[in-house]
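So this one's coords.txt, compact mmCIF, C-alpha atoms:
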```txt
# COMPACT_ATOMS: atom_id res chain seq x y z
CA MET A 1 35.61 -72.31 -49.82
CA LYS A 2 38.15 -69.68 -48.80
CA ARG A 3 35.54 -66.94 -49.15
CA ILE A 4 33.03 -68.91 -47.05
CA ASN A 5 35.59 -69.33 -44.27
CA ILE A 6 36.29 -65.60 -44.22
CA LEU A 7 32.57 -64.82 -44.02
CA LEU A 8 32.14 -67.30 -41.18
CA ALA A 9 35.03 -65.69 -39.29
CA VAL A 10 33.51 -62.22 -39.70
CA LEU A 11 30.13 -63.44 -38.49
CA LEU A 12 31.75 -65.06 -35.48
CA LEU A 13 33.43 -61.78 -34.55
CA PHE A 14 30.09 -60.00 -34.67
CA GLN A 15 28.45 -62.67 -32.54
CA LEU A 16 31.16 -62.43 -29.92
CA GLY A 17 30.74 -58.68 -29.75
CA PHE A 18 34.27 -57.87 -30.97
CA SER A 19 32.97 -55.47 -33.61
CA ARG A 20 32.53 -52.61 -31.11
CA ASN A 21 35.18 -49.90 -31.21
CA GLN A 22 37.47 -50.02 -28.20
CA VAL A 23 36.83 -46.30 -27.60
CA ASP A 24 33.34 -44.84 -27.98
CA THR A 25 32.12 -41.29 -27.54
CA ILE A 26 28.51 -41.39 -26.44
CA SER A 27 25.93 -38.74 -25.55
CA VAL A 28 23.68 -39.22 -22.54
CA PHE A 29 20.77 -36.93 -21.73
CA SER A 30 20.79 -35.12 -18.40
CA THR A 31 17.24 -35.05 -17.06
CA LYS A 32 18.07 -32.26 -14.63
CA MET A 33 20.14 -30.02 -16.94
CA HIS A 34 18.02 -30.82 -20.02
CA LYS A 35 20.93 -31.39 -22.38
CA GLU A 36 23.03 -34.11 -23.97
CA ILE A 37 26.43 -34.66 -22.35
CA LYS A 38 29.35 -36.42 -24.00
CA ASN A 39 31.25 -39.26 -22.38
CA VAL A 40 34.14 -41.46 -23.47
CA VAL A 41 33.80 -45.21 -22.91
CA VAL A 42 36.79 -47.55 -23.19
CA VAL A 43 36.20 -51.29 -23.35
CA PRO A 44 38.75 -54.14 -23.33
CA GLU A 45 40.19 -54.99 -26.73
CA ASN A 46 38.54 -58.43 -26.58
CA TYR A 47 35.22 -57.03 -25.32
CA SER A 48 32.32 -59.45 -25.66
CA LYS A 49 28.67 -58.76 -24.97
CA HIS A 50 28.48 -62.31 -23.63
CA LYS A 51 30.76 -61.46 -20.71
CA HIS A 52 30.12 -59.00 -17.89
CA TYR A 53 32.71 -56.45 -16.78
CA PRO A 54 33.33 -54.22 -13.77
CA VAL A 55 33.26 -50.48 -14.48
CA VAL A 56 35.64 -47.72 -13.39
CA TYR A 57 34.40 -44.14 -13.71
CA LEU A 58 37.38 -41.86 -14.39
CA LEU A 59 36.83 -38.13 -13.80
CA HIS A 60 38.73 -35.25 -15.39
CA GLY A 61 40.09 -32.15 -13.69
CA TYR A 62 39.20 -28.47 -13.68
CA SER A 63 38.86 -26.82 -17.13
CA ASP A 64 39.08 -30.16 -18.99
CA ASN A 65 36.43 -32.41 -20.53
CA ASN A 66 35.46 -36.02 -21.17
CA ALA A 67 38.15 -36.53 -23.85
CA LYS A 68 41.12 -35.33 -21.79
CA TRP A 69 42.07 -38.69 -20.27
CA ILE A 70 42.03 -40.69 -23.48
CA LYS A 71 43.88 -37.99 -25.43
CA THR A 72 46.55 -37.44 -22.78
CA VAL A 73 46.95 -41.00 -21.50
CA PRO A 74 45.95 -43.31 -24.39
CA ALA A 75 47.57 -46.14 -22.39
CA ILE A 76 44.30 -46.48 -20.49
CA LYS A 77 43.11 -48.53 -23.47
CA ALA A 78 45.76 -51.14 -22.72
CA LEU A 79 44.94 -50.93 -19.00
CA SER A 80 41.29 -51.64 -19.77
CA THR A 81 42.33 -54.79 -21.62
CA GLU A 82 44.89 -55.82 -19.01
CA HIS A 83 42.47 -55.51 -16.10
CA GLN A 84 39.32 -56.47 -18.02
CA PHE A 85 37.12 -53.61 -16.98
CA ILE A 86 35.21 -50.87 -18.75
CA ILE A 87 36.38 -47.28 -18.22
CA VAL A 88 33.88 -44.42 -18.42
CA CYS A 89 35.09 -40.81 -18.64
CA PRO A 90 32.15 -38.44 -18.12
CA ASP A 91 32.16 -34.80 -19.01
CA GLY A 92 31.82 -33.04 -15.67
CA GLY A 93 31.65 -29.49 -16.99
CA TYR A 94 34.77 -27.36 -16.92
CA SER A 95 34.27 -26.39 -13.27
CA SER A 96 31.40 -28.38 -11.77
CA TRP A 97 33.38 -30.08 -9.00
CA TYR A 98 30.88 -32.90 -9.65
CA ILE A 99 28.27 -31.44 -7.32
CA ASP A 100 24.72 -30.23 -7.77
CA SER A 101 25.19 -26.49 -7.49
CA PRO A 102 22.68 -24.90 -5.10
CA ILE A 103 22.88 -21.62 -7.03
CA ASP A 104 23.31 -22.63 -10.69
CA SER A 105 20.78 -24.97 -12.29
CA THR A 106 23.10 -25.52 -15.29
CA PHE A 107 25.65 -27.32 -13.08
CA GLN A 108 23.92 -30.40 -11.69
CA TYR A 109 26.58 -33.01 -12.31
CA GLU A 110 26.07 -35.26 -9.30
CA SER A 111 22.51 -35.89 -10.44
CA TYR A 112 23.68 -36.44 -14.01
CA ILE A 113 26.25 -39.10 -13.12
CA ILE A 114 24.21 -40.83 -10.44
CA ASN A 115 20.73 -40.72 -11.99
CA ASP A 116 21.42 -40.73 -15.73
CA LEU A 117 24.87 -41.97 -16.66
CA LEU A 118 25.18 -45.07 -14.46
CA SER A 119 21.89 -46.54 -15.66
CA TYR A 120 22.75 -45.76 -19.30
CA ILE A 121 26.10 -47.54 -19.06
CA ASP A 122 24.55 -50.57 -17.38
CA SER A 123 21.82 -50.82 -20.02
CA HIS A 124 24.07 -50.33 -23.08
CA TYR A 125 27.24 -52.21 -22.10
CA ALA A 126 27.96 -55.66 -20.70
CA THR A 127 28.54 -54.51 -17.14
CA ILE A 128 28.12 -56.13 -13.75
CA PRO A 129 25.38 -53.79 -12.49
CA ASP A 130 26.25 -53.94 -8.82
CA ARG A 131 28.13 -51.61 -6.46
CA SER A 132 30.70 -54.34 -5.80
CA ALA A 133 31.79 -54.09 -9.44
CA ARG A 134 31.73 -50.30 -9.67
CA ALA A 135 34.62 -47.92 -8.83
CA ILE A 136 35.25 -44.22 -9.30
CA THR A 137 38.39 -42.10 -9.31
CA GLY A 138 39.74 -38.91 -10.83
CA LEU A 139 42.38 -36.22 -10.73
CA SER A 140 42.32 -32.81 -9.02
CA MET A 141 38.70 -31.60 -9.29
CA GLY A 142 37.88 -35.15 -10.34
CA GLY A 143 39.65 -36.57 -7.29
CA HIS A 144 37.35 -34.53 -5.10
CA GLY A 145 34.39 -35.54 -7.27
CA ALA A 146 35.17 -39.25 -7.09
CA LEU A 147 35.36 -39.35 -3.30
CA TYR A 148 32.42 -36.97 -2.94
CA LEU A 149 30.16 -39.08 -5.16
CA ALA A 150 31.25 -42.38 -3.64
CA ILE A 151 30.76 -41.26 -0.04
CA ARG A 152 27.35 -39.78 -0.80
CA ASN A 153 26.29 -42.80 -2.87
CA LYS A 154 27.73 -45.81 -1.08
CA ASN A 155 24.82 -47.89 -2.37
CA LEU A 156 26.23 -47.45 -5.89
CA PHE A 157 30.01 -47.53 -5.42
CA ALA A 158 32.14 -49.93 -3.39
CA HIS A 159 35.57 -48.58 -4.38
CA ALA A 160 36.88 -45.02 -4.77
CA GLY A 161 40.13 -43.21 -5.39
CA SER A 162 41.66 -39.79 -5.80
CA MET A 163 44.77 -38.44 -7.52
CA SER A 164 45.92 -35.00 -6.36
CA GLY A 165 42.37 -34.36 -5.27
CA GLY A 166 41.06 -30.98 -4.14
CA VAL A 167 39.61 -32.74 -1.12
CA ASP A 168 39.05 -29.60 0.98
CA LEU A 169 37.17 -26.97 -1.02
CA ARG A 170 37.95 -24.37 1.63
CA SER A 171 41.57 -24.33 0.52
CA SER A 172 40.47 -22.72 -2.79
CA THR A 173 37.86 -20.15 -1.85
CA LYS A 174 39.14 -17.66 -4.44
CA SER A 175 40.06 -20.03 -7.27
CA PHE A 176 38.86 -22.81 -9.59
CA ASP A 177 35.37 -21.25 -9.90
CA ILE A 178 34.12 -23.03 -6.79
CA ALA A 179 32.46 -19.84 -5.56
CA LYS A 180 30.45 -19.79 -8.80
CA ARG A 181 28.98 -23.15 -7.83
CA LEU A 182 28.50 -22.62 -4.07
CA GLY A 183 28.45 -18.88 -3.53
CA SER A 184 31.24 -17.13 -1.67
CA TYR A 185 32.68 -18.81 1.40
CA GLU A 186 31.86 -15.73 3.49
CA ALA A 187 28.18 -15.86 2.48
CA SER A 188 27.74 -19.66 2.48
CA PRO A 189 30.29 -21.34 4.77
CA ASP A 190 28.01 -24.33 5.41
CA GLU A 191 27.89 -25.18 1.70
CA TRP A 192 31.70 -25.29 1.62
CA ASN A 193 32.04 -27.20 4.87
CA ASN A 194 29.35 -29.77 4.08
CA ARG A 195 30.66 -30.51 0.59
CA SER A 196 34.35 -30.86 1.42
CA VAL A 197 35.48 -34.49 1.34
CA VAL A 198 37.72 -34.00 4.36
CA ASN A 199 34.52 -33.43 6.37
CA LEU A 200 32.32 -35.95 4.56
CA VAL A 201 34.50 -38.85 5.70
CA GLU A 202 32.93 -38.38 9.13
CA ASN A 203 29.93 -40.16 7.57
CA LEU A 204 31.99 -43.26 6.74
CA LYS A 205 32.28 -46.48 8.66
CA ASN A 206 35.29 -48.72 8.22
CA ASN A 207 35.07 -51.05 5.19
CA GLU A 208 32.09 -49.24 3.67
CA LEU A 209 34.34 -48.13 0.81
CA ASP A 210 37.70 -49.36 -0.46
CA LEU A 211 39.76 -46.17 -0.68
CA ILE A 212 43.01 -45.21 -2.40
CA ILE A 213 44.37 -41.64 -2.11
CA ASP A 214 47.47 -40.46 -3.96
CA CYS A 215 49.21 -37.08 -4.05
CA GLY A 216 52.69 -35.76 -4.86
CA THR A 217 54.65 -34.06 -2.10
CA SER A 218 55.25 -30.97 -4.28
CA ASP A 219 51.60 -30.69 -5.28
CA PHE A 220 49.74 -27.57 -4.13
CA PHE A 221 47.02 -29.93 -2.84
CA TYR A 222 49.51 -32.04 -0.86
CA GLN A 223 48.71 -30.58 2.56
CA ILE A 224 44.97 -31.13 2.28
CA ASN A 225 45.51 -34.71 1.09
CA ALA A 226 47.84 -35.37 4.02
CA ALA A 227 45.17 -33.89 6.31
CA LEU A 228 42.57 -36.22 4.79
CA HIS A 229 44.87 -39.16 5.46
CA ARG A 230 45.27 -38.10 9.09
CA ARG A 231 41.50 -37.71 9.44
CA LEU A 232 40.90 -41.21 8.10
CA MET A 233 43.56 -42.58 10.45
CA ALA A 234 41.90 -40.87 13.41
CA LEU A 235 38.55 -42.38 12.37
CA ASN A 236 40.13 -45.85 12.03
CA ILE A 237 39.02 -46.10 8.41
CA ASP A 238 41.23 -48.44 6.38
CA HIS A 239 42.61 -46.92 3.18
CA ASP A 240 45.64 -46.96 0.91
CA TYR A 241 47.55 -43.68 1.00
CA ILE A 242 50.39 -42.88 -1.39
CA GLU A 243 52.66 -39.84 -1.33
CA ARG A 244 55.81 -39.58 -3.38
CA PRO A 245 57.82 -36.89 -5.18
CA GLY A 246 55.63 -35.22 -7.76
CA ARG A 247 53.67 -32.17 -8.80
CA HIS A 248 50.18 -31.35 -9.98
CA ASN A 249 50.76 -32.44 -13.57
CA TRP A 250 50.18 -35.12 -16.18
CA PRO A 251 53.50 -36.95 -15.72
CA TYR A 252 52.38 -37.64 -12.14
CA TRP A 253 48.84 -38.75 -13.10
CA THR A 254 50.08 -40.88 -16.01
CA ASN A 255 52.03 -42.84 -13.42
CA SER A 256 49.38 -42.70 -10.71
CA ILE A 257 46.61 -44.20 -12.83
CA ASN A 258 48.47 -47.51 -12.94
CA TYR A 259 48.31 -47.83 -9.15
CA GLN A 260 44.68 -46.78 -9.03
CA PHE A 261 43.65 -49.38 -11.59
CA LEU A 262 45.73 -52.11 -9.94
CA PHE A 263 44.00 -51.30 -6.64
CA PHE A 264 40.56 -51.56 -8.22
CA ASP A 265 41.48 -54.74 -10.07
CA ARG A 266 42.46 -56.35 -6.78
CA CYS A 267 39.20 -55.15 -5.18
CA PHE A 268 37.13 -56.62 -8.02
CA LYS A 269 38.98 -59.93 -7.94
CA ALA A 270 38.76 -60.20 -4.15
CA LEU A 271 34.97 -60.16 -4.41
CA LYS A 272 35.02 -63.23 -6.67
CA LYS A 273 36.77 -65.38 -4.10
```
How would this structure read if it were set down as structure tokens?
Amino acid sequence: MKRINILLAVLLLFQLGFSRNQVDTISVFSTKMHKEIKNVVVVPENYSKHKHYPVVYLLHGYSDNNAKWIKTVPAIKALSTEHQFIIVCPDGGYSSWYIDSPIDSTFQYESYIINDLLSYIDSHYATIPDRSARAITGLSMGGHGALYLAIRNKNLFAHAGSMSGGVDLRSSTKSFDIAKRLGSYEASPDEWNNRSVVNLVENLKNNELDLIIDCGTSDFFYQINAALHRRLMALNIDHDYIERPGRHNWPYWTNSINYQFLFFDRCFKALKK
């Protein structure tokens, strides 16, 4: 009898979908770059295929990869459980800036995330496949990427954030390999101007996206984030803006991610009311 009860309990766990690892590493094929790309997926500890969860896409910074967030801030597992949403950490290439490079066919990461990854996640996980339940954020290069992708794909994302984001590419014309993706600023100023988030917000209307922007006052990207805040204010676009003592480092982002996830949690819950 005892053995039968144990078997029944195991079967019940499988039926409820609890057998899935909380952290998966998956490969998704990029149709434009013709290669498999790794991604980390974090699900709530009590994940069930019979429920449906919002999704937060969490982007890494320059020179890192899909595993950086989970290795450096393993607490995001607990945050996934606390807020009851799935976290997806794509590999964005070490220096893609999450754009489709006009000069390098091997760096087409906007197309990868938008055309390949989102549909894969929605078809393989118990998601709510709607923009209202989809958010995106990231740090540094990923902060730029999150806002860039959300603004250009408002039909797919309703909520977006940035931590220490490189939100004006023109501030780094000689660094972070951006010139390798866009060409030099001198030769291709329009590519730099048209892809900088600080300019893209001109395409936004108020309440099209829920926005949260966060940057430390000692961060080398602080001035461009403050400029983005002023631009949004001038455009009368509602947003949450946080600045506090801090640098461009993991202690800052380990703290910042809590505020980003709380913001998204409140956005998701507000839509249920």
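Restricting the calculation to all atoms listed in the file, the smallest distance between Pro102 in chain A and any of A:Arg247, A:Arg266, A:Lys71, A:Lys180 is found for A:Lys180.
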Identify the residues around (31.8, -55.4, -6.5) within a radius of 9 Å, measuring from all atoms listed in the file in the coordinates stated by the file, and give them as a ChimeraX atom specification.
-> /A:54,128-135,157-159,267-272
Residue among A:His144, A:Arg170, A:Lys49, A:His248 lying closest to Val201 in chain A, counting all atoms listed in the file = A:His144
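Considering the residues A:Tyr125, A:Tyr148, A:Ser30, A:Ser63 and counting only C-alpha atoms, Val42 in chain A has its shortest atom-to-atom contact with A:Tyr125.
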So how far away is CA of Trp69 in chain A from CA of Gly138 in chain A, in Å?
-> 9.7 Å
Contact residues around Ser256 in chain A with only C-alpha atoms at 8 Å, ignoring same-chain residues under 4 positions, as a PyMOL selection string = chain A and resi 163+214+252+260
Among listed residues A:Ser111, A:Asn66, A:Thr106, A:Asn249, nearest Cys89 in chain A (using only C-alpha atoms) | A:Asn66
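Close contacts of Ser101 in chain A, defined as residues with an atom at most 10 Å away when counting only C-alpha atoms, with chain neighbours fewer than 5 positions off set aside, comprise Ser96, Thr106, Phe107, Gln108, Tyr109, Glu110, Ile178, Lys180, Arg181, Leu182, Gly183 and Glu191 of chain A.
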Any chance you could export the current selection's C-alpha atoms as a PDB file, in the coordinates of the input?
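Below is the file that was written, out-v9.pdb:
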```pdb
ATOM      1  CA  SER A  96      31.400 -28.380 -11.770  1.00  0.00           C
ATOM      2  CA  THR A 106      23.100 -25.520 -15.290  1.00  0.00           C
ATOM      3  CA  PHE A 107      25.650 -27.320 -13.080  1.00  0.00           C
ATOM      4  CA  GLN A 108      23.920 -30.400 -11.690  1.00  0.00           C
ATOM      5  CA  TYR A 109      26.580 -33.010 -12.310  1.00  0.00           C
ATOM      6  CA  GLU A 110      26.070 -35.260  -9.300  1.00  0.00           C
ATOM      7  CA  ILE A 178      34.120 -23.030  -6.790  1.00  0.00           C
ATOM      8  CA  LYS A 180      30.450 -19.790  -8.800  1.00  0.00           C
ATOM      9  CA  ARG A 181      28.980 -23.150  -7.830  1.00  0.00           C
ATOM     10  CA  LEU A 182      28.500 -22.620  -4.070  1.00  0.00           C
ATOM     11  CA  GLY A 183      28.450 -18.880  -3.530  1.00  0.00           C
ATOM     12  CA  GLU A 191      27.890 -25.180   1.700  1.00  0.00           C
TER      13      GLU A 191
END
```
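A distance cut-off of 9 Å around (55.7, -41.5, -0.1), counting only C-alpha atoms, selects these protein and nucleic acid residues: Cys215, Gly216, Thr217, Tyr241, Ile242, Glu243, Arg244 and Pro245 of chain A.
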If you count all atoms listed in the file, which residues fall within 7 Å of His52 in chain A, apart from same-chain ones fewer than 2 positions away, as a ChimeraX atom specification?
-> /A:50,126-128
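Counting only C-alpha atoms, the residue from A:Lys38, A:Arg231, A:Lys77, A:His124 that sits nearest to Gly93 in chain A is A:Lys38.
Residue neighbourhood of Gln84 in chain A, excluding near-sequence residues (fewer than 4 positions): Pro44, Tyr53, Pro54, Leu79 and Ser80 of chain A, at 8 Å, using all atoms listed in the file.
Here CA of Asn225 in chain A is placed at a distance of 16.4 Å from CA of Trp97 in chain A.
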What does the distance between CA of Ile87 in chain A and CA of Ser196 in chain A come to in Å, to one decimal place?
-> 25.7 Å
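Between Phe176 in chain A and the residues A:Tyr47, A:Tyr98, A:Phe264, A:Tyr62, the shortest atom-to-atom distance, using all atoms listed in the file, involves A:Tyr62.
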